[in-house]
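> Next up, my_file-v3.cif (mmCIF, C-alpha atoms and all ligand atoms).
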data_my_file
loop_
_atom_site.label_atom_id
_atom_site.label_comp_id
_atom_site.auth_asym_id
_atom_site.auth_seq_id
_atom_site.Cartn_x
_atom_site.Cartn_y
_atom_site.Cartn_z
CA MET A 594 0.00 0.00 0.00
CA ASN A 595 1.60 3.19 -1.16
CA ASN A 596 1.24 5.78 1.55
CA PRO A 597 2.03 9.41 0.70
CA LEU A 598 1.02 10.49 4.21
CA LEU A 599 4.25 9.12 5.60
CA GLU A 600 6.38 11.02 3.09
CA GLN A 601 8.56 13.96 4.03
CA TYR A 602 8.40 17.48 2.69
CA LYS A 603 11.48 19.48 1.80
CA PRO A 604 11.00 23.17 2.64
CA LYS A 605 12.34 25.67 0.10
CA SER A 606 13.99 27.89 2.66
CA PHE A 607 12.22 28.26 6.04
CA CYS A 608 13.71 25.59 8.35
CA ALA A 609 15.48 23.96 5.38
CA ASP A 610 18.91 24.35 7.06
CA LEU A 611 17.70 22.69 10.26
CA MET A 612 16.25 19.72 8.39
CA GLU A 613 19.48 19.41 6.38
CA ILE A 614 21.64 19.31 9.52
CA LYS A 615 19.28 16.91 11.27
CA GLY A 616 19.49 14.63 8.24
CA ASN A 617 15.76 13.93 8.45
CA GLY A 618 12.62 16.01 7.92
CA LEU A 619 10.94 14.74 11.06
CA GLN A 620 8.90 17.22 13.13
CA LEU A 621 9.08 19.89 10.40
CA GLY A 622 5.72 21.42 11.34
CA LEU A 623 6.71 21.47 15.00
CA TYR A 624 9.92 23.37 14.23
CA MET A 625 7.92 25.93 12.26
CA SER A 626 5.42 26.22 15.11
CA LEU A 627 8.27 26.75 17.59
CA ILE A 628 10.03 29.38 15.50
CA LEU A 629 6.80 31.20 14.65
CA GLY A 630 6.06 31.50 18.37
CA PHE A 631 3.17 29.04 18.73
CA LYS A 632 4.87 26.10 20.36
CA PRO A 633 6.79 27.01 23.53
CA LEU A 634 8.93 23.89 23.71
CA LEU A 635 10.12 21.07 21.49
CA ASP A 636 12.48 18.16 21.92
CA ASP A 637 14.46 16.17 19.39
CA TRP A 638 17.44 13.88 18.94
CA ILE A 639 20.50 15.19 17.08
CA ARG A 640 23.65 13.24 16.15
CA LYS A 641 26.50 14.30 18.40
CA ASN A 642 28.78 15.26 15.49
CA LYS A 643 26.05 17.61 14.18
CA ILE A 644 25.20 19.29 17.45
CA GLU A 645 27.41 22.39 17.05
CA ALA A 646 26.13 23.13 13.55
CA PHE A 647 22.58 22.51 14.78
CA LYS A 648 22.94 24.92 17.69
CA LYS A 649 24.34 27.58 15.39
CA ALA A 650 21.44 27.23 12.96
CA CYS A 651 18.98 27.39 15.87
CA ARG A 652 20.55 30.64 17.07
CA GLY A 653 19.76 32.08 13.65
CA TYR A 654 16.07 31.52 14.42
CA GLY A 655 16.30 32.84 18.00
CA VAL A 656 15.97 29.34 19.44
CA HIS A 657 17.89 28.22 22.53
CA VAL A 658 19.06 24.62 22.80
CA ARG A 659 19.47 22.65 26.00
CA GLU A 660 21.30 19.37 25.66
CA SER A 661 20.10 16.77 28.16
CA VAL A 662 21.86 13.42 27.70
CA ILE A 663 23.05 11.09 24.99
CA PHE A 664 20.52 8.34 24.34
CA ARG A 665 21.63 4.76 23.86
CA ASN A 666 18.41 2.99 22.97
CA VAL A 667 17.89 -0.50 24.30
CA HIS A 668 14.96 -2.89 24.26
CA LYS A 669 13.51 -3.45 27.73
CA SER A 670 14.24 -7.20 27.49
CA LYS A 671 17.99 -6.40 27.25
CA VAL A 672 18.02 -4.32 30.44
CA PRO A 673 19.51 -6.33 33.35
CA ASP A 674 17.19 -7.05 36.29
CA SER A 675 19.63 -5.30 38.60
CA VAL A 676 18.53 -1.92 37.23
CA ILE A 677 16.39 -0.23 39.90
CA ASP A 678 12.84 0.60 38.70
CA LYS A 679 13.31 -1.43 35.50
CA ASP A 680 9.60 -2.38 35.72
CA ARG A 681 8.57 1.21 35.15
CA LEU A 682 10.27 1.40 31.74
CA THR A 683 8.22 1.20 28.57
CA THR A 684 9.15 -1.22 25.76
CA THR A 685 11.75 1.06 24.29
CA SER A 686 14.08 2.56 26.79
CA ALA A 687 17.49 4.12 26.79
CA TYR A 688 20.66 4.48 28.77
CA GLY A 689 21.49 8.10 29.40
CA LEU A 690 25.18 8.79 28.76
CA PRO A 691 27.09 11.94 29.75
CA LEU A 692 27.33 14.55 27.00
CA GLU A 693 31.15 14.21 26.91
CA THR A 694 30.92 10.55 25.85
CA ASP A 695 32.94 9.87 22.71
CA THR A 696 30.25 8.47 20.45
CA ASP A 697 28.27 9.20 17.28
CA GLU A 698 24.97 8.49 19.01
CA GLU A 699 22.17 11.03 19.39
CA VAL A 700 21.92 13.81 21.93
CA HIS A 701 18.48 14.49 23.34
CA VAL A 702 17.86 18.24 23.13
CA PHE A 703 15.18 20.67 24.24
CA LEU A 704 14.46 23.76 22.16
CA SER A 705 12.70 26.96 23.11
CA LYS A 706 12.81 30.66 22.34
CA ASP A 707 12.40 31.26 26.08
CA LYS A 708 15.25 30.19 28.36
CA ASN A 709 12.88 29.95 31.36
CA ILE A 710 10.74 27.39 29.58
CA LEU A 711 13.82 25.31 28.85
CA LYS A 712 14.30 24.98 32.60
CA ARG A 713 10.83 23.44 32.89
CA ALA A 714 11.50 20.84 30.19
CA MET A 715 10.81 17.32 31.31
CA TRP A 716 13.07 14.54 30.12
CA TYR A 717 12.08 10.98 29.34
CA PRO A 718 13.05 8.26 31.81
CA VAL A 719 16.58 7.02 31.12
CA ILE A 720 18.84 4.56 32.87
CA ILE A 721 21.78 6.22 34.59
CA ASN A 722 24.10 4.39 36.98
CA ASN A 723 21.93 1.29 37.22
CA ARG A 724 18.76 3.19 38.06
CA VAL A 725 15.88 4.55 36.02
CA ILE A 726 15.84 8.31 36.44
CA PHE A 727 12.52 10.10 36.08
CA ALA A 728 11.88 13.80 35.72
CA PRO A 729 11.47 15.43 39.14
CA ARG A 730 7.89 15.79 40.42
CA ALA A 731 6.68 14.89 36.99
CA ASP A 732 3.12 15.84 36.35
CA HIS A 733 2.71 14.73 32.77
CA LEU A 734 -0.78 16.14 32.54
CA LYS A 735 0.14 19.64 33.67
CA TYR A 736 2.90 19.52 31.08
CA GLY A 737 0.27 20.27 28.43
CA TYR A 738 0.20 23.86 29.65
CA VAL A 739 3.96 24.18 29.07
CA LEU A 740 3.42 22.78 25.58
CA GLY A 741 0.85 25.47 24.80
CA TYR A 742 -2.29 23.31 24.36
CA PRO A 743 -5.77 24.84 24.87
CA ASP A 744 -7.19 24.53 28.41
CA CYS A 745 -10.43 22.86 27.26
CA CYS A 746 -8.46 20.16 25.46
CA ILE A 747 -6.10 19.56 28.41
CA ARG A 748 -9.09 19.12 30.74
CA PHE A 749 -10.66 16.69 28.28
CA PHE A 750 -7.42 14.76 27.87
CA ARG A 751 -7.06 14.39 31.64
CA LYS A 752 -10.39 12.63 31.76
CA TYR A 753 -10.40 10.58 28.57
CA ASN A 754 -6.78 9.58 28.06
CA ASP A 755 -7.61 6.39 29.90
CA TRP A 756 -6.77 3.46 27.66
CA VAL A 757 -8.71 0.99 29.78
CA ARG A 758 -12.03 2.82 29.69
CA TYR A 759 -12.07 5.09 26.68
CA SER A 760 -11.11 5.65 23.09
CA HIS A 761 -10.13 9.32 23.24
CA LEU A 762 -10.72 9.79 19.51
CA TYR A 763 -14.27 8.45 19.84
CA GLU A 764 -15.06 10.56 22.91
CA THR A 765 -13.92 13.64 20.98
CA TYR A 766 -16.18 12.57 18.12
CA ARG A 767 -19.14 12.31 20.50
CA GLN A 768 -18.53 15.86 21.74
CA THR A 769 -18.37 17.36 18.24
CA LYS A 770 -21.29 19.70 17.64
CA THR A 771 -20.79 20.95 14.08
CA GLN A 772 -18.79 20.06 10.95
CA PRO A 773 -15.39 18.55 11.90
CA SER A 774 -12.63 21.02 10.99
CA PHE A 775 -9.39 19.93 9.33
CA LEU A 776 -7.66 22.27 11.80
CA CYS A 777 -8.81 19.93 14.61
CA ASN A 778 -7.69 16.75 12.84
CA PRO A 779 -5.21 15.04 15.22
CA LEU A 780 -4.88 11.84 13.18
CA LEU A 781 -1.76 12.90 11.29
CA LYS A 782 0.12 14.30 14.26
CA ASP A 783 2.83 11.66 13.97
CA THR A 784 3.43 12.67 10.35
CA ILE A 785 4.61 16.15 9.36
CA PHE A 786 1.19 17.05 7.97
CA SER A 787 -0.57 18.36 11.06
CA TYR A 788 -1.37 21.77 12.49
CA ILE A 789 -1.99 20.34 15.95
CA TYR A 790 -0.04 18.05 18.23
CA HIS A 791 -2.59 17.64 21.01
CA MET A 792 -5.81 15.68 21.23
CA PRO A 793 -8.67 18.16 20.79
CA CYS A 794 -11.77 18.08 23.01
CA ARG A 795 -14.03 18.31 19.93
CA TYR A 796 -13.31 18.06 16.20
CA ASP A 797 -14.77 21.57 16.06
CA CYS A 798 -13.04 22.90 19.21
CA PRO A 799 -13.07 26.72 18.84
CA ALA A 800 -9.78 27.20 20.76
CA THR A 801 -8.01 24.64 18.57
CA ILE A 802 -9.41 26.15 15.38
CA LYS A 803 -8.14 29.56 16.46
CA LEU A 804 -4.67 28.33 17.44
CA ALA A 805 -4.17 26.08 14.41
CA GLY A 806 -5.67 28.68 12.07
CA LYS A 807 -3.13 31.31 13.14
CA LEU A 808 -0.27 28.83 12.79
CA ARG A 809 -1.49 27.83 9.32
CA HIS A 810 -1.67 31.48 8.30
CA GLU A 811 1.94 32.11 9.39
CA ILE A 812 3.32 28.96 7.76
CA PHE A 813 1.50 29.88 4.56
CA LYS A 814 3.48 33.13 4.36
CA LYS A 815 6.73 31.11 4.43
CA GLU A 816 5.90 27.81 2.73
CA PRO A 817 2.60 27.98 0.81
CA GLU A 818 3.24 24.66 -0.93
CA TYR A 819 3.61 22.87 2.40
CA VAL A 820 0.28 24.32 3.59
CA ARG A 821 -1.48 23.23 0.40
CA LYS A 822 -0.21 19.68 0.84
CA MET A 823 -1.09 19.63 4.51
CA ASP A 824 -4.64 20.90 3.89
CA GLY A 825 -5.15 18.22 1.27
CA TYR A 826 -4.07 15.40 3.59
CA LEU A 827 -6.09 16.67 6.54
CA LYS A 828 -9.32 17.21 4.56
CA LYS A 829 -10.12 13.58 4.05
CA THR A 830 -12.50 10.95 5.29
CA PHE A 831 -11.06 8.62 7.93
CA LEU A 832 -12.19 5.25 9.19
CA VAL A 833 -11.12 5.26 12.84
CA PHE A 834 -10.91 2.30 15.23
CA TYR A 835 -8.69 3.78 17.96
CA GLU A 836 -5.50 5.84 18.29
CA ARG A 837 -3.19 3.27 16.67
CA LYS A 838 -5.55 2.00 14.01
CA PHE A 839 -7.19 4.24 11.43
CA TYR A 840 -7.29 4.65 7.65
CA ALA A 841 -7.44 7.67 5.36
CA LEU A 842 -9.91 7.09 2.51
CA ASP A 843 -9.22 8.88 -0.77
CA ASP A 844 -12.04 10.38 -2.83
CA ALA A 845 -14.64 9.14 -0.37
CA VAL A 846 -18.28 9.79 -1.31
CA PHE A 847 -21.40 8.67 0.52
CA LYS A 848 -24.21 7.22 -1.57
CA ASN A 849 -27.06 6.55 0.84
CA ASP A 850 -25.31 4.81 3.74
CA VAL A 851 -22.53 3.29 1.64
CA LEU A 852 -19.18 5.03 1.50
CA HIS A 853 -17.37 4.66 -1.83
CA TYR A 854 -13.61 5.29 -1.91
CA GLN A 855 -10.58 4.95 -4.19
CA GLN A 856 -7.83 3.96 -1.80
CA ALA A 857 -7.40 3.31 1.91
CA SER A 858 -4.07 4.30 3.53
CA PHE A 859 -3.04 3.06 6.94
CA VAL A 860 -1.48 6.05 8.62
CA SER A 861 0.37 4.86 11.72
CA HIS A 862 4.06 3.91 11.59
CA ASP A 863 3.22 0.75 13.53
CA ALA A 864 2.37 -1.68 10.70
CA THR A 865 1.48 -4.44 13.18
CA ARG A 866 -1.85 -2.64 13.82
CA ASN A 867 -2.79 -2.67 10.14
CA GLU A 868 -5.39 -5.39 10.55
CA TYR A 869 -7.83 -4.39 7.80
CA GLY A 870 -5.52 -2.90 5.14
CA ALA A 871 -5.58 -5.90 2.80
CA ASP A 872 -9.38 -6.20 3.01
CA LEU A 873 -9.87 -2.47 2.45
CA ASP A 874 -7.60 -2.69 -0.61
CA LYS A 875 -9.80 -5.34 -2.19
CA ALA A 876 -12.98 -3.36 -1.57
CA ASP A 877 -14.18 -0.10 -3.16
CA ALA A 878 -16.93 0.75 -0.68
CA LEU A 879 -17.88 0.15 2.92
CA LYS A 880 -20.78 0.40 5.32
CA LEU A 881 -20.47 0.90 9.06
CA HIS A 882 -23.33 0.00 11.39
CA GLY A 883 -22.25 0.20 15.00
CA ARG A 884 -19.52 -2.44 15.26
CA GLN A 885 -20.36 -4.11 11.99
CA LEU A 886 -18.12 -3.16 9.09
CA THR A 887 -19.27 -4.42 5.69
CA LEU A 888 -16.82 -4.26 2.79
CA LEU A 889 -18.15 -4.19 -0.75
CA ARG A 890 -16.83 -4.29 -4.29
CA GLY A 891 -18.92 -3.44 -7.33
CA GLY A 892 -21.99 -3.50 -5.07
CA ASN A 893 -21.33 -7.05 -3.79
CA VAL A 894 -20.49 -7.85 -0.18
CA LEU A 895 -16.89 -9.05 0.14
CA LYS A 896 -16.71 -9.40 3.89
CA ASP A 897 -18.52 -8.66 7.13
CA ILE A 898 -16.32 -7.75 10.05
CA MET A 899 -17.50 -7.52 13.64
CA VAL A 900 -15.04 -5.12 15.28
CA PRO A 901 -14.16 -6.44 18.75
CA LEU A 902 -14.32 -4.03 21.69
CA ASN A 903 -11.08 -5.19 23.41
CA THR A 904 -10.45 -4.84 27.13
CA PHE A 905 -7.42 -2.58 26.73
CA ALA A 906 -7.57 0.29 24.21
CA PRO A 907 -11.27 -0.17 23.40
CA GLU A 908 -12.21 0.20 19.74
CA HIS A 909 -15.26 2.23 18.76
CA PRO A 910 -15.24 2.45 14.96
CA PHE A 911 -16.52 5.61 13.33
CA LEU A 912 -16.26 7.50 10.04
CA ILE A 913 -15.36 11.16 9.98
CA THR A 914 -14.84 13.71 7.19
CA PHE A 915 -12.81 16.82 7.96
CA GLN A 916 -13.43 19.99 5.95
ZN ZN B 1 -10.56 22.16 23.15
#
The structure given in the file should be rewritten as structure tokens.
Ligand SMILES: [Zn+2]

Amino acid sequence: MNNPLLEQYKPKSFCADLMEIKGNGLQLGLYMSLILGFKPLLDDWIRKNKIEAFKKACRGYGVHVRESVIFRNVHKSKVPDSVIDKDRLTTTSAYGLPLETDTDEEVHVFLSKDKNILKRAMWYPVIINNRVIFAPRADHLKYGYVLGYPDCCIRFFRKYNDWVRYSHLYETYRQTKTQPSFLCNPLLKDTIFSYIYHMPCRYDCPATIKLAGKLRHEIFKKEPEYVRKMDGYLKKTFLVFYERKFYALDDAVFKNDVLHYQQASFVSHDATRNEYGADLDKADALKLHGRQLTLLRGGNVLKDIMVPLNTFAPEHPFLITFQ
């Protein structure tokens, strides 16, 4: 399945030097948001031999860089049991090495235009001297305020980011009162084609529309082509199961209660969640009734799927078109 949503975009000039030094185009929109004054804080990983050039380029944009530690990534299964608090690590974890270490590995950096915000930056847990080190008095939820997210969305996230009880994306859908706005589309936030990086409280959240709209306007002045691409990707119909499993449907048109489409693209980087991609490829239309997903081709039923609820990360399938 060819998936343009996971492609990169090469800026003509704005941020082009930073992406060049980084050697990847990851987080392009976030860099623009930071430099344009919308995003207070950003973090990234930069190869140690590029760090001086990177810092210099950042200075050119008025961005301060705080280096935290060098990351040596390790799978949790390879971490010895003697490491204190090993149980609290997630699947991917890292050893934190001193910045002086002679290595070509990546340095974890925080970026901000405000030096005071850099002081509030919260690092990820890393293993240092046989112990997992967490950020001091970490309140991950309050961190949303440092990251510049709207209050209404932070309050909503605090309640619904509970992977045992809720599908956040579905709860947001239920709260939506009017036409879903592409400016409130969070589904592409792990690609570079997103104006938002938080989970909105509604797909028509006024605070999010205002924030993302201003950011879009500013990026447009610098990189109009990037904005045109981004708008096109965000204004699509999506078949959503939960946060790790959803599909973008190209040229989707409803005829009665049947949705006809040209191509379905699985968006997440985690291909193991792509359960329905092959079936969606064979079909050219679908029908969703509660948990029952019917796939059709040329008007004939190809397959009926009963979407299971699951005990962890519950799935509540829904279709949504952003405009
Ligand atoms: Zn909101």
> Near A:Ile710, within 12 Å and counting all atoms listed in the file, which residues show up once chain neighbours fewer than 6 positions away are dropped, as a list in words?
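Those residues are Lys632, Pro633, Leu634, Leu635, Val656, His657, Val658, Arg659, Phe703, Leu704, Tyr736, Tyr738, Val739, Leu740 and Gly741 of chain A.
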> Which is closer to ligand ZN 1 (chain B) than all the others in A:Cys777, A:Leu895, A:Leu888, A:Val820, using only C-alpha atoms and all ligand atoms?
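For ligand ZN 1 (chain B), the nearest of the candidates is A:Cys777.
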> Find the residues around A:Asn666 up to 12 Å (all atoms listed in the file counted), leave out those fewer than 4 positions away in its own chain, and share them as a list in words.
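What passes the distance filter is Trp638, Val662, Ser670, Lys671, Val672, Thr683, Thr684, Thr685, Ser686, Ala687, Tyr688, Gly689, Leu690, Glu698, Glu699, Val700, His701, Pro718, Val719 and Ile720 of chain A.
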> For A:Lys706, which residue out of A:Thr694, A:Ser626, A:Gln768, A:Asn903 is the nearest one, using all atoms listed in the file?
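So, comparing all the options, the nearest one is A:Ser626.
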> Taking into account only C-alpha atoms and all ligand atoms, which residue in the set A:Met899, A:Leu832, A:Val894, A:Leu776 is nearest to ligand ZN 1 (chain B)?
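Comparing A:Met899, A:Leu832, A:Val894, A:Leu776 against ligand ZN 1 (chain B), the winner is A:Leu776.
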> Collect all residues with atoms no farther than 10 Å from ligand ZN 1 (chain B), counting only C-alpha atoms and all ligand atoms, and output them as an MDAnalysis selection string.
chainID A and resid 742:750 765 777 791:802
> Would you mind reading off the distance between atom CA of A:Thr914 and atom CA of A:Tyr869, one decimal, in Å?
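Taking atom CA of A:Thr914 and atom CA of A:Tyr869, their separation equals 19.4 Å.
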> Show me, as a list in words, the residues that have an atom within 10 Å of stretch 846-849 of chain A when counting only C-alpha atoms, minus same-chain residues fewer than 5 positions from it.
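Once the nearby chain positions are removed, what remains is Thr830, Tyr854, Gln855, Ala878, Leu879, Lys880 and Thr914 of chain A.
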> If you keep C-alpha atoms, can you produce a file of those selected residues as an mmCIF file, in the coordinates of the input?

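Final output, saved to again_3.cif:
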data_model
loop_
_atom_site.group_PDB
_atom_site.id
_atom_site.type_symbol
_atom_site.label_atom_id
_atom_site.label_comp_id
_atom_site.auth_asym_id
_atom_site.auth_seq_id
_atom_site.Cartn_x
_atom_site.Cartn_y
_atom_site.Cartn_z
ATOM 1 C CA THR A 830 -12.500 10.950 5.290
ATOM 2 C CA TYR A 854 -13.610 5.290 -1.910
ATOM 3 C CA GLN A 855 -10.580 4.950 -4.190
ATOM 4 C CA ALA A 878 -16.930 0.750 -0.680
ATOM 5 C CA LEU A 879 -17.880 0.150 2.920
ATOM 6 C CA LYS A 880 -20.780 0.400 5.320
ATOM 7 C CA THR A 914 -14.840 13.710 7.190
#
> Nearest to A:Phe911: which of A:Val702, A:Leu881, A:Ile614, A:Ala805 is it, counting all atoms listed in the file?
A:Leu881
> Take atom CA of A:Leu692 and atom CA of A:Ala646 and report the distance between them in Å, one decimal.
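Calculated distance between atom CA of A:Leu692 and atom CA of A:Ala646 is 16.0 Å.
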> Quick one: residues within 7 Å of (12.8, 5.1, 34.2) (file frame), counting all atoms listed in the file, please, as a list in words.
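Here is the list of nearby residues: Asp678, Lys679, Arg681, Leu682, Pro718, Val719, Ile720, Val725, Ile726 and Phe727 of chain A.
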> If I take atom CA of A:Asp850 and atom CA of A:Leu886, how far is one from the other in Å, to one decimal?
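If I compute the distance from atom CA of A:Asp850 to atom CA of A:Leu886, I get 12.0 Å.
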> Which residue is closest to A:Val757? Choose from A:His810, A:Ile913, A:Pro907, A:Pro673 and count only C-alpha atoms.
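When distances to A:Val757 are compared using only C-alpha atoms, the smallest one comes from A:Pro907.
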> Extract, using all atoms listed in the file, all DNA, RNA and protein residues at most 9 Å from A:Leu827, discarding same-chain residues fewer than 6 positions from it, and format them as a list of chain:residue names.
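What passes the distance filter is A:Phe775, A:Leu776, A:Asn778, A:Pro779, A:Leu780, A:Leu781, A:Phe786, A:Ser787, A:Phe915, A:Gln916.
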